[in-house]
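Here's the structure we're looking at; comments come further down.
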Amino acid sequence: MSVKSRLVWFDANRVFAAMGVVLIHSTTDFAGKPFADAEPSERLIPVFLRSIGEFSGSEMFFFFSLFLMAMRVDRKLPSYSAAIGTQAKRLLVPFAFWVVFYAFFRLLKAEAFNYTDYIWTQVTEVQNWFGYFLLGKVQYHMHFLPTLFALFLFYPLMRGATRYPVLGMTLFLTLGIMNNTQGWVWGLGLEPEIRDYILRALKIFGYVGYGLAAFAIYGLWKDGIPRGESRLLRRGGFYFAALAYVATIPFFAVAYETGNWGIRTGWDFYGHFLMPICIFLIFIGGQYLDWSSRWSKLAKYTFGVYLVHPAVIDLYDIALFTSGLSDAMSPTAIVVLRYAVALPGSFLVALGISKIGLLAWTIGLGPTPWEARKAKAGA
């Protein structure tokens, strides 16, 4: 079996992750809450769908991005500067584009929901742009790119897990330390700007555990996992994913009862943050299944889907709110229709961007304009 054919399961995992992220962000009210103004019975389905969406999430994107990093550095053994330079070009250049885009795109929703002054004040204050570029605070999903780049800086440490897979087990330790210390920092009463940078630094150190786990699993996969053992992994993945889901039930019960998101502190914290490993085991355990090549075709747009789906959701929300239709719709109807629009809409937008030579690079599917000009000049 070729490496290419063996990785179709991986592409399916990427598509699954994109579907989950869009579902997560489709299951709230217009303010990002679990329909706080509705009766508990009315928000039952939205909260349930949110719990299903969190079988995936941004942590899943972190995990398989780090798995790919393990594969790249193992095959090519680049120098540290070359590896980091490549990742900076792949991540930070598109990131800069989307920071500027979302900084001003948010004004559309702000105008529709009557908080334009708040957003415009943010845009015109220089200190906010530091948060936009260093923390990705310009939009709720943009934290992924600067955080992932920071994680890549630790890849020489992660490589040890390829040789000694037991190091992947330290994810439980790194997450626990992160959780405990972040809770302490929240209680210090620091200025929000300072606190946010400290919390992000702690998050990066904690998420290095995902890298250790990803490099460890890559090492096992590279050495070869026989068909029979793959089936065992798949069964174990299903069991532990179900167990992790059970652990998150108290968190979603609070959302159902109060209409507000609670705080993940105990086993609901571990259930959420260990879920990516469980799901990944399911897919890697299914590597010998007869996967359709369509998964690979869709997978190349998942980075774009991650980047554009908040814009698609915002346009849906604007249309629904300004038309007045939302007043007559139940929370369930709002959520289901939003997801029905946002998921295919995001894939279509990503597909459309990929066809535009001047923009394809913004979703990782083409050279930047200056690289294209340089290549043309050298031809």
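Naming works like this for the structure tokens: A, B, ... for the chains as they're shown, residue 1 at the start of each chain, ligands 1 onward in shown order.
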Output as JSON lines one row per residue of range 137-174 of chain A within 10 Å of range 125-133 of chain A: the closest atom pair and its distance in Å to one decimal place, counting only C-alpha atoms, sorted by chain and residue number ascending.
{"residue": "A:Lys137", "atom": "CA", "partner": "A:Tyr132", "partner_atom": "CA", "distance": 4.7}
{"residue": "A:Val138", "atom": "CA", "partner": "A:Tyr132", "partner_atom": "CA", "distance": 4.8}
{"residue": "A:Gln139", "atom": "CA", "partner": "A:Tyr132", "partner_atom": "CA", "distance": 8.2}
{"residue": "A:Met142", "atom": "CA", "partner": "A:Tyr132", "partner_atom": "CA", "distance": 8.5}
{"residue": "A:His143", "atom": "CA", "partner": "A:Tyr132", "partner_atom": "CA", "distance": 8.8}
{"residue": "A:Leu145", "atom": "CA", "partner": "A:Phe133", "partner_atom": "CA", "distance": 9.9}
{"residue": "A:Pro146", "atom": "CA", "partner": "A:Phe133", "partner_atom": "CA", "distance": 7.8}
Take the selection from the previous step and output its residues with N, CA, C and O atoms, as a compact mmCIF listing (two decimals), in the first residue's frame.
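To be explicit, this is the file written out as part.txt:
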# COMPACT_ATOMS: atom_id res chain seq x y z
N LYS A 137 -6.97 37.67 18.05
CA LYS A 137 -8.21 38.09 18.71
C LYS A 137 -9.17 38.81 17.78
O LYS A 137 -10.25 39.22 18.20
N VAL A 138 -8.79 38.95 16.52
CA VAL A 138 -9.65 39.66 15.58
C VAL A 138 -10.95 38.91 15.33
O VAL A 138 -11.98 39.52 15.00
N GLN A 139 -10.94 37.59 15.48
CA GLN A 139 -12.14 36.77 15.31
C GLN A 139 -11.96 35.51 16.14
O GLN A 139 -10.82 35.08 16.39
N MET A 142 -9.44 32.76 14.94
CA MET A 142 -8.12 33.10 14.40
C MET A 142 -6.97 32.80 15.35
O MET A 142 -5.80 32.92 14.97
N HIS A 143 -7.28 32.43 16.58
CA HIS A 143 -6.22 32.06 17.52
C HIS A 143 -5.43 30.86 17.02
O HIS A 143 -4.27 30.65 17.41
N LEU A 145 -3.98 29.98 14.14
CA LEU A 145 -2.76 30.09 13.33
C LEU A 145 -1.54 30.56 14.12
O LEU A 145 -0.48 29.93 14.03
N PRO A 146 -1.62 31.67 14.90
CA PRO A 146 -0.42 32.03 15.67
C PRO A 146 -0.06 31.00 16.72
O PRO A 146 1.12 30.78 17.02
Review point. Quick one: residues within 10 Å of Ile217 in chain A, only C-alpha atoms counted, chain neighbours fewer than 4 positions away excluded, as a count of residues only?
Key: 17
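Atom pair CA of Glu229 in chain A / CA of Ser292 in chain A: separated by 22.1 Å.
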Exercise for review: Can you pull out every residue within 8 Å of range 303-305 of chain A, counting only C-alpha atoms, but drop anything in the same chain fewer than 5 positions away, and send it as an NGL selection string?
Suggested key: :A and (18 or 346-347 or 349-350 or 362-364)
Find the residues near range 30-44 of chain A: any atom within 12 Å, counting only C-alpha atoms, skip ones fewer than 3 places away on the same chain, and give them as a JSON list (two decimals) with N, CA, C and O atoms, in the first residue's frame.
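Okay, part_17.json is ready:
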[["chain", "number", "residue", "atom", "x", "y", "z"],
["A", 24, "ILE", "N", -19.87, 23.43, 15.56],
["A", 24, "ILE", "CA", -19.67, 24.11, 16.85],
["A", 24, "ILE", "C", -20.09, 25.57, 16.77],
["A", 24, "ILE", "O", -20.83, 26.08, 17.63],
["A", 25, "HIS", "N", -19.65, 26.25, 15.73],
["A", 25, "HIS", "CA", -19.92, 27.69, 15.61],
["A", 25, "HIS", "C", -21.30, 27.99, 15.04],
["A", 25, "HIS", "O", -21.66, 29.16, 14.91],
["A", 26, "SER", "N", -22.04, 26.94, 14.70],
["A", 26, "SER", "CA", -23.40, 27.14, 14.19],
["A", 26, "SER", "C", -24.46, 26.97, 15.28],
["A", 26, "SER", "O", -25.64, 27.20, 15.03],
["A", 27, "THR", "N", -24.05, 26.57, 16.48],
["A", 27, "THR", "CA", -25.02, 26.14, 17.48],
["A", 27, "THR", "C", -25.29, 27.16, 18.58],
["A", 27, "THR", "O", -25.81, 26.81, 19.64],
["A", 47, "VAL", "N", -27.86, 22.71, 22.17],
["A", 47, "VAL", "CA", -26.79, 22.30, 23.08],
["A", 47, "VAL", "C", -26.33, 20.88, 22.75],
["A", 47, "VAL", "O", -25.12, 20.59, 22.77],
["A", 48, "PHE", "N", -27.26, 20.01, 22.42],
["A", 48, "PHE", "CA", -26.89, 18.64, 22.04],
["A", 48, "PHE", "C", -26.04, 18.64, 20.78],
["A", 48, "PHE", "O", -25.01, 17.93, 20.71],
["A", 49, "LEU", "N", -26.44, 19.43, 19.78],
["A", 49, "LEU", "CA", -25.65, 19.50, 18.54],
["A", 49, "LEU", "C", -24.26, 20.06, 18.80],
["A", 49, "LEU", "O", -23.28, 19.65, 18.19],
["A", 50, "ARG", "N", -24.18, 21.02, 19.73],
["A", 50, "ARG", "CA", -22.88, 21.55, 20.10],
["A", 50, "ARG", "C", -22.01, 20.44, 20.70],
["A", 50, "ARG", "O", -20.82, 20.33, 20.39],
["A", 51, "SER", "N", -22.60, 19.61, 21.53],
["A", 51, "SER", "CA", -21.83, 18.52, 22.14],
["A", 51, "SER", "C", -21.34, 17.53, 21.08],
["A", 51, "SER", "O", -20.23, 16.99, 21.19],
["A", 109, "LYS", "N", -21.59, 42.88, 10.41],
["A", 109, "LYS", "CA", -22.48, 42.35, 11.44],
["A", 109, "LYS", "C", -22.74, 43.40, 12.51],
["A", 109, "LYS", "O", -23.85, 43.50, 13.04],
["A", 110, "ALA", "N", -21.71, 44.18, 12.83],
["A", 110, "ALA", "CA", -21.87, 45.21, 13.85],
["A", 110, "ALA", "C", -22.93, 46.23, 13.44],
["A", 110, "ALA", "O", -23.73, 46.68, 14.26],
["A", 112, "ALA", "N", -25.48, 45.66, 11.39],
["A", 112, "ALA", "CA", -26.78, 45.00, 11.41],
["A", 112, "ALA", "C", -27.31, 44.85, 12.83],
["A", 112, "ALA", "O", -28.52, 44.96, 13.08],
["A", 113, "PHE", "N", -26.40, 44.61, 13.80],
["A", 113, "PHE", "CA", -26.81, 44.37, 15.18],
["A", 113, "PHE", "C", -26.59, 45.59, 16.08],
["A", 113, "PHE", "O", -26.66, 45.50, 17.30],
["A", 115, "TYR", "N", -23.87, 47.64, 16.87],
["A", 115, "TYR", "CA", -22.74, 47.89, 17.77],
["A", 115, "TYR", "C", -21.50, 48.32, 16.96],
["A", 115, "TYR", "O", -20.37, 47.98, 17.28],
["A", 140, "TYR", "N", -13.05, 34.90, 16.57],
["A", 140, "TYR", "CA", -12.96, 33.83, 17.56],
["A", 140, "TYR", "C", -12.16, 32.62, 17.11],
["A", 140, "TYR", "O", -11.68, 31.84, 17.93],
["A", 252, "PHE", "N", -22.21, 20.50, 29.38],
["A", 252, "PHE", "CA", -23.35, 20.83, 28.53],
["A", 252, "PHE", "C", -24.65, 20.88, 29.33],
["A", 252, "PHE", "O", -25.58, 21.60, 28.95],
["A", 253, "ALA", "N", -24.70, 20.17, 30.44],
["A", 253, "ALA", "CA", -25.88, 20.26, 31.30],
["A", 253, "ALA", "C", -26.01, 21.66, 31.89],
["A", 253, "ALA", "O", -27.12, 22.20, 32.00],
["A", 254, "VAL", "N", -24.89, 22.28, 32.25],
["A", 254, "VAL", "CA", -24.91, 23.66, 32.74],
["A", 254, "VAL", "C", -25.41, 24.61, 31.67],
["A", 254, "VAL", "O", -26.23, 25.50, 31.93],
["A", 255, "ALA", "N", -24.94, 24.41, 30.43],
["A", 255, "ALA", "CA", -25.40, 25.25, 29.32],
["A", 255, "ALA", "C", -26.90, 25.09, 29.10],
["A", 255, "ALA", "O", -27.61, 26.07, 28.85],
["A", 256, "TYR", "N", -27.37, 23.86, 29.17],
["A", 256, "TYR", "CA", -28.80, 23.59, 29.00],
["A", 256, "TYR", "C", -29.63, 24.25, 30.10],
["A", 256, "TYR", "O", -30.68, 24.85, 29.84],
["A", 257, "GLU", "N", -29.17, 24.16, 31.33],
["A", 257, "GLU", "CA", -29.94, 24.66, 32.46],
["A", 257, "GLU", "C", -29.89, 26.18, 32.60],
["A", 257, "GLU", "O", -30.89, 26.81, 32.98],
["A", 258, "THR", "N", -28.75, 26.79, 32.29],
["A", 258, "THR", "CA", -28.56, 28.23, 32.57],
["A", 258, "THR", "C", -28.56, 29.12, 31.33],
["A", 258, "THR", "O", -28.75, 30.32, 31.44],
["A", 259, "GLY", "N", -28.28, 28.53, 30.16],
["A", 259, "GLY", "CA", -28.15, 29.36, 28.96],
["A", 259, "GLY", "C", -26.82, 30.06, 28.86],
["A", 259, "GLY", "O", -26.64, 30.99, 28.06],
["A", 260, "ASN", "N", -25.85, 29.62, 29.64],
["A", 260, "ASN", "CA", -24.50, 30.18, 29.60],
["A", 260, "ASN", "C", -23.49, 29.04, 29.60],
["A", 260, "ASN", "O", -23.74, 27.97, 30.17],
["A", 261, "TRP", "N", -22.35, 29.31, 28.97],
["A", 261, "TRP", "CA", -21.29, 28.31, 28.96],
["A", 261, "TRP", "C", -20.62, 28.29, 30.32],
["A", 261, "TRP", "O", -20.27, 29.32, 30.87],
["A", 262, "GLY", "N", -20.43, 27.11, 30.86],
["A", 262, "GLY", "CA", -19.77, 26.98, 32.14],
["A", 262, "GLY", "C", -18.25, 26.99, 31.99],
["A", 262, "GLY", "O", -17.71, 27.43, 30.96],
["A", 310, "PRO", "N", -16.56, 31.51, 9.58],
["A", 310, "PRO", "CA", -17.20, 32.56, 10.39],
["A", 310, "PRO", "C", -17.83, 33.66, 9.55],
["A", 310, "PRO", "O", -18.87, 34.23, 9.93],
["A", 313, "ILE", "N", -21.12, 32.29, 8.28],
["A", 313, "ILE", "CA", -22.09, 32.28, 9.37],
["A", 313, "ILE", "C", -22.59, 33.69, 9.67],
["A", 313, "ILE", "O", -23.79, 33.92, 9.89],
["A", 314, "ASP", "N", -21.68, 34.66, 9.65],
["A", 314, "ASP", "CA", -22.09, 36.05, 9.91],
["A", 314, "ASP", "C", -23.05, 36.56, 8.84],
["A", 314, "ASP", "O", -24.02, 37.26, 9.16],
["A", 315, "LEU", "N", -22.80, 36.23, 7.60],
["A", 315, "LEU", "CA", -23.70, 36.66, 6.53],
["A", 315, "LEU", "C", -25.07, 36.03, 6.69],
["A", 315, "LEU", "O", -26.10, 36.68, 6.46],
["A", 316, "TYR", "N", -25.10, 34.78, 7.10],
["A", 316, "TYR", "CA", -26.37, 34.10, 7.39],
["A", 316, "TYR", "C", -27.11, 34.82, 8.52],
["A", 316, "TYR", "O", -28.31, 35.10, 8.44],
["A", 317, "ASP", "N", -26.37, 35.12, 9.59],
["A", 317, "ASP", "CA", -26.98, 35.79, 10.75],
["A", 317, "ASP", "C", -27.52, 37.16, 10.38],
["A", 317, "ASP", "O", -28.60, 37.56, 10.83],
["A", 318, "ILE", "N", -26.77, 37.89, 9.58],
["A", 318, "ILE", "CA", -27.21, 39.22, 9.16],
["A", 318, "ILE", "C", -28.51, 39.12, 8.37],
["A", 318, "ILE", "O", -29.47, 39.86, 8.61],
["A", 319, "ALA", "N", -28.55, 38.18, 7.42],
["A", 319, "ALA", "CA", -29.74, 38.02, 6.59],
["A", 319, "ALA", "C", -30.95, 37.61, 7.43],
["A", 319, "ALA", "O", -32.06, 38.13, 7.26],
["A", 320, "LEU", "N", -30.72, 36.70, 8.36],
["A", 320, "LEU", "CA", -31.82, 36.20, 9.19],
["A", 320, "LEU", "C", -32.34, 37.29, 10.13],
["A", 320, "LEU", "O", -33.55, 37.47, 10.30],
["A", 321, "PHE", "N", -31.42, 38.03, 10.73],
["A", 321, "PHE", "CA", -31.81, 39.05, 11.70],
["A", 321, "PHE", "C", -32.48, 40.25, 11.04],
["A", 321, "PHE", "O", -33.52, 40.73, 11.49],
["A", 326, "SER", "N", -35.83, 35.62, 12.16],
["A", 326, "SER", "CA", -35.34, 34.98, 13.38],
["A", 326, "SER", "C", -36.35, 35.07, 14.51],
["A", 326, "SER", "O", -36.37, 34.20, 15.41],
["A", 327, "ASP", "N", -37.19, 36.10, 14.51],
["A", 327, "ASP", "CA", -38.18, 36.26, 15.58],
["A", 327, "ASP", "C", -39.22, 35.15, 15.57],
["A", 327, "ASP", "O", -39.82, 34.83, 16.60],
["A", 329, "MET", "N", -38.54, 32.02, 14.43],
["A", 329, "MET", "CA", -37.89, 30.72, 14.36],
["A", 329, "MET", "C", -37.45, 30.26, 15.75],
["A", 329, "MET", "O", -37.05, 31.06, 16.59],
["A", 330, "SER", "N", -37.51, 28.97, 15.96],
["A", 330, "SER", "CA", -37.03, 28.39, 17.20],
["A", 330, "SER", "C", -35.51, 28.31, 17.17],
["A", 330, "SER", "O", -34.90, 28.34, 16.09],
["A", 331, "PRO", "N", -34.87, 28.20, 18.33],
["A", 331, "PRO", "CA", -33.41, 28.02, 18.34],
["A", 331, "PRO", "C", -32.96, 26.83, 17.49],
["A", 331, "PRO", "O", -31.95, 26.92, 16.79],
["A", 332, "THR", "N", -33.71, 25.75, 17.54],
["A", 332, "THR", "CA", -33.35, 24.57, 16.74],
["A", 332, "THR", "C", -33.38, 24.88, 15.25],
["A", 332, "THR", "O", -32.46, 24.50, 14.51],
["A", 333, "ALA", "N", -34.42, 25.58, 14.81],
["A", 333, "ALA", "CA", -34.53, 25.92, 13.39],
["A", 333, "ALA", "C", -33.40, 26.84, 12.97],
["A", 333, "ALA", "O", -32.83, 26.69, 11.87],
["A", 334, "ILE", "N", -33.06, 27.82, 13.81],
["A", 334, "ILE", "CA", -31.96, 28.73, 13.50],
["A", 334, "ILE", "C", -30.66, 27.96, 13.32],
["A", 334, "ILE", "O", -29.90, 28.19, 12.37],
["A", 335, "VAL", "N", -30.40, 27.05, 14.24],
["A", 335, "VAL", "CA", -29.14, 26.30, 14.22],
["A", 335, "VAL", "C", -29.07, 25.35, 13.03],
["A", 335, "VAL", "O", -28.06, 25.30, 12.32],
["A", 338, "ARG", "N", -28.74, 27.29, 9.84],
["A", 338, "ARG", "CA", -27.40, 27.91, 9.78],
["A", 338, "ARG", "C", -26.36, 26.89, 9.34],
["A", 338, "ARG", "O", -25.52, 27.17, 8.47]]
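Compared by their closest atoms to Leu77 in chain A, and using only C-alpha atoms, the residues A:Tyr118, A:Tyr164, A:Arg159, A:Pro276 rank with A:Arg159 nearest.
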Study note, to complete from the structure: Shortest contact to Ala216 in chain A, candidates A:Trp370, A:Phe63, A:Phe104, A:Phe251, atoms counted only C-alpha atoms, goes to A:Phe63
Check your understanding: Could you pull out the helix (DSSP H, G or I) residues of range 216-337 of chain A from DSSP and send them as number ranges by chain?
Key -> A: 216-223, 227-258, 267-284, 294-299, 302-323, 325-328, 331-337
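Here CA of Tyr218 in chain A is placed at a distance of 8.6 Å from CA of Leu68 in chain A.
The list of residues with at least one atom within 8 Å of range 264-268 of chain A, based on only C-alpha atoms and without residues fewer than 4 positions apart in the same chain, reads Asn179, Ala244, Ala247, Thr248, Ile249, Pro250, Phe251 and His272 of chain A.
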Check your understanding: Within 12 Å of Gln87 in chain A, counting only C-alpha atoms, which residues qualify if same-chain residues fewer than 6 places away don't, as a PyMOL selection string?
Key -> chain A and resi 65-66+68-69+72-73+78+80-81+93-95+145-146+148-153+155+364
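Rounded to one decimal, CA of Thr124 in chain A and CA of Tyr102 in chain A lie 13.9 Å from each other.
Among the candidates A:Leu365, A:Leu175, A:Ile263, A:Val336, the one nearest to Lys300 in chain A when counting only C-alpha atoms is A:Leu365.
Contact shell of range 235-239 of chain A at 7 Å (only C-alpha atoms; same-chain neighbours under 4 positions omitted): Arg231, Leu243, Cys278, Ile279, Leu281 and Ile282 of chain A.
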Take the residues from that selection and put them in a file with all heavy atoms, as an mmCIF file, in the first residue's frame.
data_model
loop_
_atom_site.group_PDB
_atom_site.id
_atom_site.type_symbol
_atom_site.label_atom_id
_atom_site.label_comp_id
_atom_site.auth_asym_id
_atom_site.auth_seq_id
_atom_site.Cartn_x
_atom_site.Cartn_y
_atom_site.Cartn_z
ATOM 1 N N ARG A 231 -7.523 -2.602 13.767
ATOM 2 C CA ARG A 231 -8.906 -2.810 14.217
ATOM 3 C C ARG A 231 -9.023 -2.626 15.727
ATOM 4 O O ARG A 231 -10.004 -2.062 16.232
ATOM 5 C CB ARG A 231 -9.392 -4.197 13.808
ATOM 6 C CG ARG A 231 -9.713 -4.329 12.325
ATOM 7 C CD ARG A 231 -10.539 -5.577 12.057
ATOM 8 N NE ARG A 231 -9.787 -6.794 12.342
ATOM 9 C CZ ARG A 231 -9.065 -7.468 11.440
ATOM 10 N NH1 ARG A 231 -8.997 -7.022 10.195
ATOM 11 N NH2 ARG A 231 -8.422 -8.572 11.785
ATOM 12 N N LEU A 243 -16.375 7.583 26.063
ATOM 13 C CA LEU A 243 -16.087 7.892 27.465
ATOM 14 C C LEU A 243 -15.784 9.382 27.633
ATOM 15 O O LEU A 243 -16.244 10.014 28.597
ATOM 16 C CB LEU A 243 -14.905 7.052 27.941
ATOM 17 C CG LEU A 243 -14.700 6.928 29.451
ATOM 18 C CD1 LEU A 243 -15.884 6.233 30.104
ATOM 19 C CD2 LEU A 243 -13.402 6.170 29.746
ATOM 20 N N CYS A 278 -8.757 10.513 20.723
ATOM 21 C CA CYS A 278 -9.707 9.398 20.550
ATOM 22 C C CYS A 278 -10.201 9.328 19.107
ATOM 23 O O CYS A 278 -10.260 8.240 18.514
ATOM 24 C CB CYS A 278 -10.885 9.564 21.502
ATOM 25 S SG CYS A 278 -10.421 9.732 23.250
ATOM 26 N N ILE A 279 -10.566 10.485 18.561
ATOM 27 C CA ILE A 279 -11.072 10.510 17.177
ATOM 28 C C ILE A 279 -9.968 10.120 16.202
ATOM 29 O O ILE A 279 -10.201 9.377 15.231
ATOM 30 C CB ILE A 279 -11.636 11.906 16.843
ATOM 31 C CG1 ILE A 279 -12.798 12.252 17.781
ATOM 32 C CG2 ILE A 279 -12.076 11.962 15.388
ATOM 33 C CD1 ILE A 279 -13.958 11.291 17.714
ATOM 34 N N LEU A 281 -7.521 8.126 16.731
ATOM 35 C CA LEU A 281 -7.334 6.680 16.811
ATOM 36 C C LEU A 281 -8.377 5.942 15.976
ATOM 37 O O LEU A 281 -8.086 4.908 15.374
ATOM 38 C CB LEU A 281 -7.408 6.216 18.266
ATOM 39 C CG LEU A 281 -6.234 6.605 19.167
ATOM 40 C CD1 LEU A 281 -6.476 6.125 20.592
ATOM 41 C CD2 LEU A 281 -4.919 6.048 18.634
ATOM 42 N N ILE A 282 -9.596 6.487 15.951
ATOM 43 C CA ILE A 282 -10.644 5.868 15.136
ATOM 44 C C ILE A 282 -10.252 5.872 13.663
ATOM 45 O O ILE A 282 -10.384 4.865 12.958
ATOM 46 C CB ILE A 282 -11.990 6.591 15.342
ATOM 47 C CG1 ILE A 282 -12.503 6.358 16.763
ATOM 48 C CG2 ILE A 282 -13.022 6.132 14.318
ATOM 49 C CD1 ILE A 282 -13.733 7.173 17.107
#
